[in-house]
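A.B. asks: What follows is entry28.tsv; its format and atoms are TSV, C-alpha atoms.
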chain	number	residue	atom	x	y	z
A	20	GLY	CA	7.03	15.34	24.96
A	21	LYS	CA	9.92	13.46	23.43
A	22	VAL	CA	9.44	12.08	19.96
A	23	GLY	CA	10.18	8.39	19.72
A	24	LEU	CA	8.78	4.96	18.99
A	25	ARG	CA	6.38	3.30	21.37
A	26	GLN	CA	7.63	-0.17	22.20
A	27	THR	CA	4.77	-1.60	24.26
A	28	GLY	CA	1.06	-2.02	23.85
A	29	ALA	CA	-1.72	-1.36	26.33
A	30	ALA	CA	-1.00	-2.04	29.98
A	31	GLY	CA	2.66	-2.51	29.21
A	32	VAL	CA	2.09	-5.68	27.18
A	33	THR	CA	4.83	-6.09	24.61
A	34	MET	CA	3.48	-5.86	21.07
A	35	GLN	CA	3.42	-9.20	19.27
A	36	ARG	CA	2.57	-10.31	15.78
A	37	ILE	CA	-0.90	-11.61	15.02
A	38	GLY	CA	-0.32	-14.86	13.23
A	39	SER	CA	-1.31	-16.65	10.08
A	40	PHE	CA	-4.17	-19.06	10.63
A	41	GLY	CA	-7.24	-20.41	8.91
A	42	ALA	CA	-10.83	-19.20	9.29
A	43	LYS	CA	-11.73	-22.05	11.65
A	44	LYS	CA	-8.94	-21.19	14.07
A	45	ALA	CA	-9.79	-17.50	13.76
A	46	ALA	CA	-13.36	-18.26	14.83
A	47	VAL	CA	-12.10	-20.19	17.85
A	48	LEU	CA	-9.93	-17.25	18.86
A	49	ARG	CA	-12.87	-14.85	18.61
A	50	LYS	CA	-14.92	-16.97	20.99
A	51	ASP	CA	-12.17	-17.52	23.51
A	52	GLN	CA	-12.88	-14.70	25.94
A	53	ASP	CA	-10.89	-16.19	28.81
A	54	GLN	CA	-7.50	-15.76	27.17
A	55	SER	CA	-5.85	-12.36	27.25
A	56	LEU	CA	-5.43	-10.73	23.86
A	57	GLY	CA	-1.67	-10.75	24.28
A	58	ASP	CA	-1.76	-14.54	24.68
A	59	ARG	CA	-3.75	-14.89	21.46
A	60	LEU	CA	-1.30	-13.05	19.23
A	61	LEU	CA	0.67	-15.63	17.32
A	62	ALA	CA	3.71	-15.40	15.04
A	63	GLY	CA	2.97	-15.57	11.32
A	64	LYS	CA	4.67	-18.39	9.41
A	65	LYS	CA	4.44	-17.62	5.68
A	66	PRO	CA	3.12	-14.89	3.41
A	67	SER	CA	-0.27	-15.14	1.74
A	68	GLN	CA	-0.96	-15.03	-1.98
A	69	PHE	CA	-2.96	-12.15	-3.43
A	70	TRP	CA	-3.80	-11.98	-7.10
A	71	VAL	CA	-4.04	-8.18	-7.48
A	72	ASN	CA	-0.77	-6.53	-8.54
A	73	PRO	CA	-1.23	-2.73	-8.39
A	74	PHE	CA	1.53	-1.93	-10.89
A	75	PRO	CA	3.79	-0.01	-10.52
A	76	LEU	CA	3.64	-0.58	-6.76
A	77	LYS	CA	5.53	-3.40	-5.03
A	78	PRO	CA	5.51	-6.28	-4.30
A	79	TYR	CA	5.47	-7.53	-7.88
A	80	THR	CA	4.71	-11.17	-6.98
A	81	PRO	CA	1.51	-12.58	-5.43
A	82	GLN	CA	3.40	-13.18	-2.17
A	83	ARG	CA	2.43	-10.71	0.56
A	84	ARG	CA	3.41	-10.89	4.18
A	85	THR	CA	1.25	-9.20	6.81
A	86	ILE	CA	2.49	-8.29	10.27
A	87	ALA	CA	-0.04	-7.12	12.84
A	88	LYS	CA	0.57	-5.62	16.27
A	89	GLU	CA	-1.45	-4.30	19.15
A	90	VAL	CA	-0.10	-0.77	19.64
A	91	ALA	CA	-2.61	0.43	22.25
A	92	ARG	CA	-5.66	-1.00	23.94
A	93	ASN	CA	-8.07	-2.05	21.15
A	94	VAL	CA	-5.84	-0.46	18.48
A	95	PHE	CA	-4.06	-2.75	16.00
A	96	THR	CA	-1.77	-2.08	13.04
A	97	PHE	CA	-1.39	-4.32	9.96
A	98	GLU	CA	1.66	-3.80	7.74
A	99	GLN	CA	2.63	-5.04	4.28
A	100	GLU	CA	5.47	-4.25	1.87
A	101	HIS	CA	4.99	-1.24	-0.37
A	102	GLY	CA	7.23	0.54	-2.84
A	103	PHE	CA	8.33	0.90	-6.44
A	104	ALA	CA	11.40	-0.07	-8.52
A	105	ASN	CA	14.23	-0.75	-6.02
A	106	VAL	CA	12.56	1.24	-3.22
A	107	SER	CA	10.84	-0.65	-0.43
A	108	VAL	CA	8.96	0.80	2.51
A	109	ASN	CA	5.79	-0.34	4.25
A	110	ILE	CA	2.11	0.50	4.16
A	111	ARG	CA	-0.08	0.34	7.25
A	112	MET	CA	-3.74	-0.29	8.01
A	113	THR	CA	-5.02	0.54	11.49
A	114	VAL	CA	-7.95	-1.28	13.08
A	115	VAL	CA	-9.80	0.04	16.13
A	116	ARG	CA	-12.13	-2.15	18.16
A	117	LEU	CA	-15.06	0.07	19.12
A	118	SER	CA	-16.94	-0.16	22.40
A	119	SER	CA	-19.65	-2.08	20.52
A	120	GLY	CA	-17.07	-4.80	19.81
A	121	GLY	CA	-17.20	-4.02	16.10
A	122	LEU	CA	-14.14	-3.03	14.10
A	123	TRP	CA	-13.34	0.31	12.45
A	124	VAL	CA	-10.76	-0.11	9.67
A	125	HIS	CA	-8.53	2.78	8.53
A	126	ALA	CA	-6.75	2.69	5.13
A	127	PRO	CA	-7.07	-1.00	4.13
A	128	VAL	CA	-4.15	-3.03	2.84
A	129	ALA	CA	-4.33	-6.07	0.56
A	130	PRO	CA	-6.95	-8.50	1.94
A	131	THR	CA	-4.90	-11.68	1.65
A	132	ALA	CA	-6.26	-14.82	3.30
A	133	GLU	CA	-3.77	-14.25	6.11
A	134	CYS	CA	-4.78	-10.62	6.57
A	135	VAL	CA	-8.53	-11.36	6.47
A	136	ALA	CA	-8.15	-14.12	9.09
A	137	MET	CA	-6.17	-11.76	11.32
A	138	VAL	CA	-8.91	-9.14	11.12
A	139	GLN	CA	-11.69	-11.67	11.68
A	140	ALA	CA	-9.92	-12.88	14.81
A	141	LEU	CA	-10.46	-9.43	16.34
A	142	GLY	CA	-14.19	-9.15	15.66
A	143	GLU	CA	-16.68	-8.15	12.98
A	144	VAL	CA	-15.82	-5.28	10.67
A	145	GLU	CA	-18.46	-2.55	10.97
A	146	HIS	CA	-16.78	0.35	9.13
A	147	VAL	CA	-14.12	0.64	6.43
A	148	VAL	CA	-12.58	4.09	5.96
A	149	LEU	CA	-10.64	5.45	2.99
A	150	PRO	CA	-9.02	8.52	4.60
A	151	THR	CA	-7.33	10.09	1.57
A	152	THR	CA	-7.34	10.60	-2.18
A	153	GLY	CA	-3.88	9.00	-2.36
A	154	LEU	CA	-3.64	6.27	-5.00
A	155	GLU	CA	-1.72	3.72	-2.94
A	156	HIS	CA	-4.35	3.82	-0.19
A	157	LYS	CA	-7.40	3.40	-2.44
A	158	ILE	CA	-5.99	0.59	-4.61
A	159	PHE	CA	-7.09	-2.17	-2.19
A	160	MET	CA	-10.40	-0.68	-1.10
A	161	ALA	CA	-12.57	-2.62	-3.58
A	162	PRO	CA	-11.22	-6.10	-2.75
A	163	PHE	CA	-11.18	-5.30	0.98
A	164	VAL	CA	-14.79	-4.14	0.92
A	165	ALA	CA	-15.70	-7.29	-1.01
A	166	ALA	CA	-14.07	-9.38	1.73
A	167	PHE	CA	-16.23	-7.65	4.38
A	168	PRO	CA	-19.54	-6.96	2.56
A	169	GLN	CA	-21.46	-6.28	5.77
A	170	ALA	CA	-19.31	-3.23	6.60
A	171	LYS	CA	-20.30	0.37	5.93
A	172	VAL	CA	-17.87	2.18	3.62
A	173	TRP	CA	-16.72	5.77	4.15
A	174	VAL	CA	-14.40	7.88	1.97
A	175	ALA	CA	-12.56	11.18	2.14
A	176	PRO	CA	-14.11	13.88	-0.07
A	177	GLY	CA	-13.01	14.64	-3.63
A	178	GLN	CA	-11.98	11.12	-4.61
A	179	TRP	CA	-9.51	11.50	-7.45
A	180	SER	CA	-5.92	10.30	-7.78
A	181	TRP	CA	-2.80	11.15	-9.76
A	182	PRO	CA	-1.08	10.06	-11.96
A	183	VAL	CA	-3.92	7.59	-12.61
A	184	ASP	CA	-7.50	8.45	-11.71
A	185	VAL	CA	-8.63	5.03	-10.50
A	186	PRO	CA	-12.41	4.44	-10.46
A	187	LEU	CA	-13.54	3.54	-6.95
A	188	GLY	CA	-15.28	0.32	-7.98
A	189	PHE	CA	-17.01	-0.16	-4.64
A	190	ARG	CA	-20.12	0.97	-2.78
A	191	VAL	CA	-19.83	4.18	-0.75
A	192	ASP	CA	-22.16	4.65	2.22
A	193	GLY	CA	-20.88	8.05	3.33
A	194	VAL	CA	-18.40	10.87	2.69
A	195	LEU	CA	-16.28	11.95	5.65
A	196	GLN	CA	-17.01	15.51	6.79
A	197	ASN	CA	-14.92	17.87	8.90
A	198	ASN	CA	-15.67	17.73	12.65
A	199	ASP	CA	-18.71	15.52	11.99
A	200	MET	CA	-20.10	14.49	15.38
A	201	ASN	CA	-22.91	12.44	13.83
A	202	THR	CA	-20.80	9.53	12.60
A	203	PRO	CA	-21.50	6.15	14.23
A	204	TRP	CA	-18.08	6.33	15.90
A	205	ALA	CA	-18.11	9.98	16.98
A	206	SER	CA	-18.20	9.24	20.72
A	207	GLU	CA	-14.85	7.40	20.40
A	208	ILE	CA	-13.18	8.75	17.26
A	209	GLU	CA	-13.24	12.37	16.08
A	210	GLN	CA	-12.18	13.55	12.63
A	211	LYS	CA	-10.81	16.62	10.86
A	212	VAL	CA	-10.64	17.02	7.07
A	213	VAL	CA	-8.26	18.99	4.86
A	214	TYR	CA	-9.55	19.50	1.33
A	215	ALA	CA	-7.97	21.59	-1.42
A	216	GLU	CA	-7.57	21.92	-5.17
A	217	VAL	CA	-4.04	21.34	-6.44
A	218	GLY	CA	-4.68	22.39	-10.02
A	219	ILE	CA	-4.61	18.95	-11.61
A	220	GLY	CA	-7.21	17.63	-9.18
A	221	LYS	CA	-8.57	17.50	-5.67
A	222	CYS	CA	-6.60	16.52	-2.59
A	223	SER	CA	-7.92	15.50	0.79
A	224	GLU	CA	-6.89	13.68	3.94
A	225	VAL	CA	-8.83	12.97	7.10
A	226	ALA	CA	-7.07	12.86	10.48
A	227	PHE	CA	-8.70	10.89	13.29
A	228	PHE	CA	-8.38	11.10	17.07
A	229	HIS	CA	-9.04	7.93	19.06
A	230	LYS	CA	-10.03	9.41	22.37
A	231	PRO	CA	-9.68	6.31	24.62
A	232	THR	CA	-5.96	5.95	23.76
A	233	ALA	CA	-5.14	9.58	22.84
A	234	SER	CA	-3.94	8.34	19.41
A	235	LEU	CA	-3.78	10.48	16.28
A	236	LEU	CA	-4.26	8.52	13.04
A	237	VAL	CA	-2.97	10.11	9.84
A	238	THR	CA	-2.24	8.78	6.38
A	239	ASP	CA	0.55	10.74	4.68
A	240	ALA	CA	0.73	13.90	6.82
A	241	VAL	CA	3.87	12.91	8.72
A	242	ILE	CA	6.32	10.03	8.91
A	243	TYR	CA	9.04	8.80	11.28
A	244	ILE	CA	12.09	7.02	9.84
A	245	SER	CA	14.29	5.06	12.21
A	246	ASP	CA	17.73	3.55	11.64
A	247	THR	CA	16.34	0.08	10.99
A	248	ALA	CA	13.83	-1.06	8.38
A	249	PRO	CA	10.22	-1.93	9.29
A	250	GLU	CA	9.87	-5.55	10.36
A	251	VAL	CA	7.78	-6.51	7.34
A	252	LEU	CA	10.70	-5.79	5.00
A	253	LYS	CA	12.49	-9.12	5.29
A	254	ALA	CA	14.93	-8.15	2.52
A	255	PHE	CA	16.73	-5.76	4.85
A	256	GLU	CA	17.01	-8.07	7.85
A	257	GLN	CA	20.21	-9.69	6.67
A	258	ASP	CA	21.48	-6.73	4.67
A	259	GLU	CA	23.57	-3.74	5.54
A	260	ARG	CA	21.96	-0.87	7.39
A	261	GLU	CA	23.23	1.42	4.62
A	262	THR	CA	20.89	-0.32	2.16
A	263	TRP	CA	17.86	0.61	4.25
A	264	LYS	CA	19.07	4.20	4.46
A	265	LYS	CA	19.36	4.35	0.67
A	266	SER	CA	15.86	2.96	0.21
A	267	ALA	CA	14.38	5.43	2.69
A	268	LEU	CA	16.16	8.35	1.02
A	269	MET	CA	14.97	7.34	-2.44
A	270	ALA	CA	11.41	7.01	-1.16
A	271	CYS	CA	11.59	10.53	0.26
A	272	PHE	CA	13.45	12.35	-2.53
A	273	LEU	CA	12.88	10.19	-5.66
A	274	GLY	CA	16.54	10.50	-6.60
A	275	ALA	CA	19.94	8.92	-6.14
A	276	PRO	CA	20.54	8.57	-2.39
A	277	TYR	CA	23.27	10.44	-0.56
A	278	VAL	CA	23.58	8.42	2.64
A	279	PRO	CA	24.88	11.24	4.90
A	280	SER	CA	21.55	13.02	4.30
A	281	PHE	CA	19.79	10.25	6.23
A	282	GLU	CA	20.70	11.97	9.48
A	283	ALA	CA	18.74	15.05	8.39
A	284	ILE	CA	15.45	13.17	8.03
A	285	SER	CA	15.64	10.28	10.48
A	286	ASN	CA	14.58	9.79	14.10
A	287	LYS	CA	12.15	12.69	14.19
A	288	LEU	CA	8.60	13.52	13.18
A	289	PHE	CA	8.94	14.64	9.59
A	290	VAL	CA	6.85	15.69	6.57
A	291	SER	CA	7.71	13.66	3.48
A	292	PRO	CA	9.45	15.89	0.89
A	293	VAL	CA	7.17	14.57	-1.87
A	294	VAL	CA	3.97	15.48	-0.03
A	295	ARG	CA	5.52	18.73	1.20
A	296	THR	CA	6.61	19.82	-2.30
A	297	PHE	CA	3.57	18.84	-4.33
A	298	ILE	CA	0.73	19.21	-1.83
A	299	TYR	CA	1.35	21.20	1.35
A	300	GLU	CA	3.49	23.99	-0.10
A	301	ARG	CA	0.75	24.55	-2.70
A	302	THR	CA	-2.16	24.42	-0.23
A	303	ARG	CA	-0.52	26.43	2.55
A	304	GLU	CA	-3.56	28.11	4.12
A	305	GLU	CA	-5.72	24.97	4.10
A	306	THR	CA	-2.92	22.83	5.54
A	307	LEU	CA	-2.01	25.30	8.30
A	308	ALA	CA	-5.66	25.56	9.35
A	309	TRP	CA	-5.92	21.75	9.41
A	310	ILE	CA	-2.79	21.30	11.54
A	311	GLU	CA	-3.93	24.03	13.92
A	312	ASP	CA	-7.29	22.31	14.28
A	313	ILE	CA	-5.71	18.87	14.79
A	314	CYS	CA	-3.51	20.27	17.55
A	315	LYS	CA	-6.58	21.08	19.62
A	316	TRP	CA	-6.71	17.36	20.32
A	317	GLN	CA	-4.57	16.19	23.23
A	318	PHE	CA	-2.92	13.22	21.52
A	319	ASN	CA	0.28	11.63	22.78
A	320	GLN	CA	1.03	9.18	19.97
A	321	ILE	CA	0.74	9.30	16.18
A	322	ILE	CA	0.03	6.35	13.87
A	323	PRO	CA	0.90	7.20	10.22
A	324	ALA	CA	0.22	4.87	7.28
A	325	HIS	CA	3.93	4.48	6.40
A	326	LEU	CA	7.27	3.75	8.05
A	327	ASP	CA	7.42	3.61	11.86
A	328	ALA	CA	4.50	3.65	14.28
A	329	PRO	CA	3.33	4.41	16.81
A	330	VAL	CA	5.37	7.56	17.31
A	331	GLN	CA	5.36	9.15	20.75
A	332	ALA	CA	4.54	12.74	19.85
A	333	GLY	CA	1.94	15.36	20.64
A	334	PRO	CA	0.62	18.67	19.29
A	335	ARG	CA	3.93	20.48	19.88
A	336	GLU	CA	5.92	18.04	17.76
A	337	LEU	CA	3.30	18.06	14.99
A	338	LYS	CA	3.38	21.86	14.80
A	339	GLU	CA	7.18	21.78	14.69
A	340	ALA	CA	7.10	19.40	11.71
A	341	PHE	CA	5.00	21.92	9.75
A	342	LYS	CA	6.94	25.09	10.61
A	343	PHE	CA	8.13	25.31	6.99
A	344	LEU	CA	4.66	26.57	6.05
A	345	SER	CA	5.10	29.65	8.24
A	346	ASP	CA	8.81	30.22	7.68
A	347	PRO	CA	10.64	28.69	4.66
A	348	LYS	CA	13.88	28.62	6.67
A	349	GLU	CA	12.40	26.09	9.09
A	350	ASN	CA	12.59	22.29	8.57
A	351	PRO	CA	15.36	22.64	5.93
A	352	LEU	CA	15.88	19.79	3.48
A	353	PRO	CA	19.23	18.73	1.93
A	354	ALA	CA	19.58	20.81	-1.24
A	355	GLY	CA	21.33	18.11	-3.25
A	356	ASP	CA	18.72	15.47	-2.45
A	357	MET	CA	15.91	17.90	-3.27
A	358	ALA	CA	17.20	18.57	-6.80
A	359	PRO	CA	14.97	15.97	-8.57
A	360	LEU	CA	11.82	17.09	-6.74
A	361	ASN	CA	12.59	20.75	-7.34
A	362	ALA	CA	13.11	20.10	-11.04
A	363	ILE	CA	9.76	18.29	-11.34
A	364	SER	CA	8.10	21.03	-9.31
A	365	LYS	CA	9.42	23.78	-11.63
A	366	LEU	CA	8.18	21.88	-14.68
A	367	LEU	CA	4.69	21.45	-13.22
A	368	SER	CA	4.55	25.09	-12.20
A	369	LEU	CA	5.63	26.23	-15.69
A	370	THR	CA	2.88	24.17	-17.32
A	371	GLY	CA	0.30	25.74	-15.01
A	372	LEU	CA	-0.98	22.29	-14.00
A	373	VAL	CA	-0.55	23.10	-10.32
A	374	PRO	CA	-0.69	26.26	-8.21
A	375	PRO	CA	2.66	27.84	-7.23
A	376	ARG	CA	4.56	26.84	-4.12
A	377	ALA	CA	3.92	29.11	-1.14
A	378	PHE	CA	7.41	30.64	-1.14
A	379	GLY	CA	8.29	30.17	-4.79
A	380	GLU	CA	10.36	27.60	-6.64
A	381	VAL	CA	13.83	26.67	-5.42
Go ahead and express the file in the form of structure tokens.
C.D. replies:
Amino acid sequence: GKVGLRQTGAAGVTMQRIGSFGAKKAAVLRKDQDQSLGDRLLAGKKPSQFWVNPFPLKPYTPQRRTIAKEVARNVFTFEQEHGFANVSVNIRMTVVRLSSGGLWVHAPVAPTAECVAMVQALGEVEHVVLPTTGLEHKIFMAPFVAAFPQAKVWVAPGQWSWPVDVPLGFRVDGVLQNNDMNTPWASEIEQKVVYAEVGIGKCSEVAFFHKPTASLLVTDAVIYISDTAPEVLKAFEQDERETWKKSALMACFLGAPYVPSFEAISNKLFVSPVVRTFIYERTREETLAWIEDICKWQFNQIIPAHLDAPVQAGPRELKEAFKFLSDPKENPLPAGDMAPLNAISKLLSLTGLVPPRAFGEV
């Protein structure tokens, strides 16, 4: 199938923002069963305040805007700003309403008053899932769990993060296991785990398949970068398109952006160069087995935790994005842009802190 962005929600209903409202109004919306969900999605008016500042990650002020959308029947995404220094992208939480009516939350974002009210408007949170060992996705778990104390909490195995090993600081009810068909959500959502040692620590990510909507949920496995910035990044709405391209390039390569290189990474399903260089190329066998296993699912859209979503793509496109693990000539990256990552990679390899890259240093 063609890779691209899905523009409508379930039953062809155009995706709309879930708005900013108080707890009382949220309760009214939950009880109003006569209105269609599309009619109950309201435009947010102002960002919420949130006291936690996970330095060095943006935003650096308490102001946080949340934009939520229905991307498939009973599947909702919640986005906030995310980044560092002068780089801004987005970070995404996905919420699935289970057949029980309860909510299953994937990769929580900051639980601002606005965000919490949005979630409460959809139902009661039953499960909160931390699907990775990635620092930026675990930083808000403790306050989110505190906001929904009745929920069960599940985490990917081998919880450890680099460069800072952040203590979890929250209750854990279960560790996610590969192909576990005994989870409370197994009849609707299946899961596959990749777990490997990367020398300096453990690395894991759990992919999920929401069977009713044929949606694949991943965290950092793949991304899709379009020509325009995510809606939550207000700073780019009135700015030049070139500025967004520079920010996206810096997020991918951690170096000075060369704008013509944007064409090499945009408008396709793509593995982030950072994750590719420091994780997947050093855990080749584990990653290939994971991707092969994931592609047994018949998904037709992918919801990553960053940049654009949902992406219309299936097993064929996912396998194509990971061809570099079978043949280093596939999925080539711009050599000039890769210079900073390659330099860091060589240094880490020389120190012996990490295992070597599958096809050697560049």
A.B. asks: Point out the residue among A:Phe297, A:Pro347, A:Ala354, A:Glu224 with the least atom-to-atom distance to Ala283 in chain A, counting only C-alpha atoms.
C.D. replies: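 The answer is A:Ala354, which sits nearest to Ala283 in chain A.
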A.B. asks: Between CA of Thr96 in chain A and CA of Arg111 in chain A, what distance in Å does the model show, to one decimal?
C.D. replies: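 One can read the CA of Thr96 in chain A to CA of Arg111 in chain A distance as 6.5 Å.
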A.B. asks: Which residue gives the smallest distance to Glu349 in chain A among A:Tyr277, A:Ser368, A:Phe289, A:Lys88, with all atoms listed in the file counted?
C.D. replies: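 Among the listed residues, the smallest separation from Glu349 in chain A belongs to A:Phe289.
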A.B. asks: Which residues of range 171-250 of chain A come within 9 Å of range 316-319 of chain A, and for each one, what is the closest pair of atoms and their distance in Å to one decimal, counting only C-alpha atoms, sorted by chain and residue number, as JSON lines?
C.D. replies:
{"residue": "A:Phe228", "atom": "CA", "partner": "A:Trp316", "partner_atom": "CA", "distance": 7.2}
{"residue": "A:His229", "atom": "CA", "partner": "A:Phe318", "partner_atom": "CA", "distance": 8.5}
{"residue": "A:Lys230", "atom": "CA", "partner": "A:Phe318", "partner_atom": "CA", "distance": 8.1}
{"residue": "A:Thr232", "atom": "CA", "partner": "A:Phe318", "partner_atom": "CA", "distance": 8.2}
{"residue": "A:Ala233", "atom": "CA", "partner": "A:Phe318", "partner_atom": "CA", "distance": 4.5}
{"residue": "A:Ser234", "atom": "CA", "partner": "A:Phe318", "partner_atom": "CA", "distance": 5.4}
{"residue": "A:Leu235", "atom": "CA", "partner": "A:Phe318", "partner_atom": "CA", "distance": 6.0}
A.B. asks: CA of Arg301 in chain A and CA of Ala324 in chain A, how far apart in Å?
C.D. replies: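 CA of Ala324 in chain A sits 22.1 Å away from CA of Arg301 in chain A.
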A.B. asks: Once you count only C-alpha atoms, what closest atom pair and distance in Å to one decimal does each residue of range 71-168 of chain A within 8 Å of range 183-207 of chain A have, with rows by chain and rising residue number, as JSON lines?
C.D. replies:
{"residue": "A:Leu117", "atom": "CA", "partner": "A:Glu207", "partner_atom": "CA", "distance": 7.4}
{"residue": "A:Leu154", "atom": "CA", "partner": "A:Val185", "partner_atom": "CA", "distance": 7.5}
{"residue": "A:Lys157", "atom": "CA", "partner": "A:Leu187", "partner_atom": "CA", "distance": 7.6}
{"residue": "A:Ile158", "atom": "CA", "partner": "A:Val185", "partner_atom": "CA", "distance": 7.8}
{"residue": "A:Met160", "atom": "CA", "partner": "A:Phe189", "partner_atom": "CA", "distance": 7.5}
{"residue": "A:Ala161", "atom": "CA", "partner": "A:Phe189", "partner_atom": "CA", "distance": 5.2}
{"residue": "A:Val164", "atom": "CA", "partner": "A:Phe189", "partner_atom": "CA", "distance": 7.2}
A.B. asks: Measure the distance from CA of Val108 in chain A to CA of Thr306 in chain A in Å and round it to one decimal.
C.D. replies: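 We find that CA of Val108 in chain A and CA of Thr306 in chain A lie 25.2 Å from each other.
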A.B. asks: Using all atoms listed in the file, which residue out of A:Ala226, A:Met357, A:Cys314, A:Ile298 lies closest to Arg376 in chain A?
C.D. replies: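 Of A:Ala226, A:Met357, A:Cys314, A:Ile298, the one nearest Arg376 in chain A is A:Ile298, counting all atoms listed in the file.
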A.B. asks: My list of candidates is A:Ala328, A:Leu252, A:Leu307, A:Ala275. Which is closest to Ala377 in chain A when distances are computed with only C-alpha atoms?
C.D. replies: A:Leu307
A.B. asks: Counting only C-alpha atoms, which of A:Leu344, A:Val225, A:Ala248, A:Val373 gets nearest to Ser285 in chain A?
C.D. replies: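 Between A:Leu344, A:Val225, A:Ala248, A:Val373, the residue approaching Ser285 in chain A most closely is A:Ala248.
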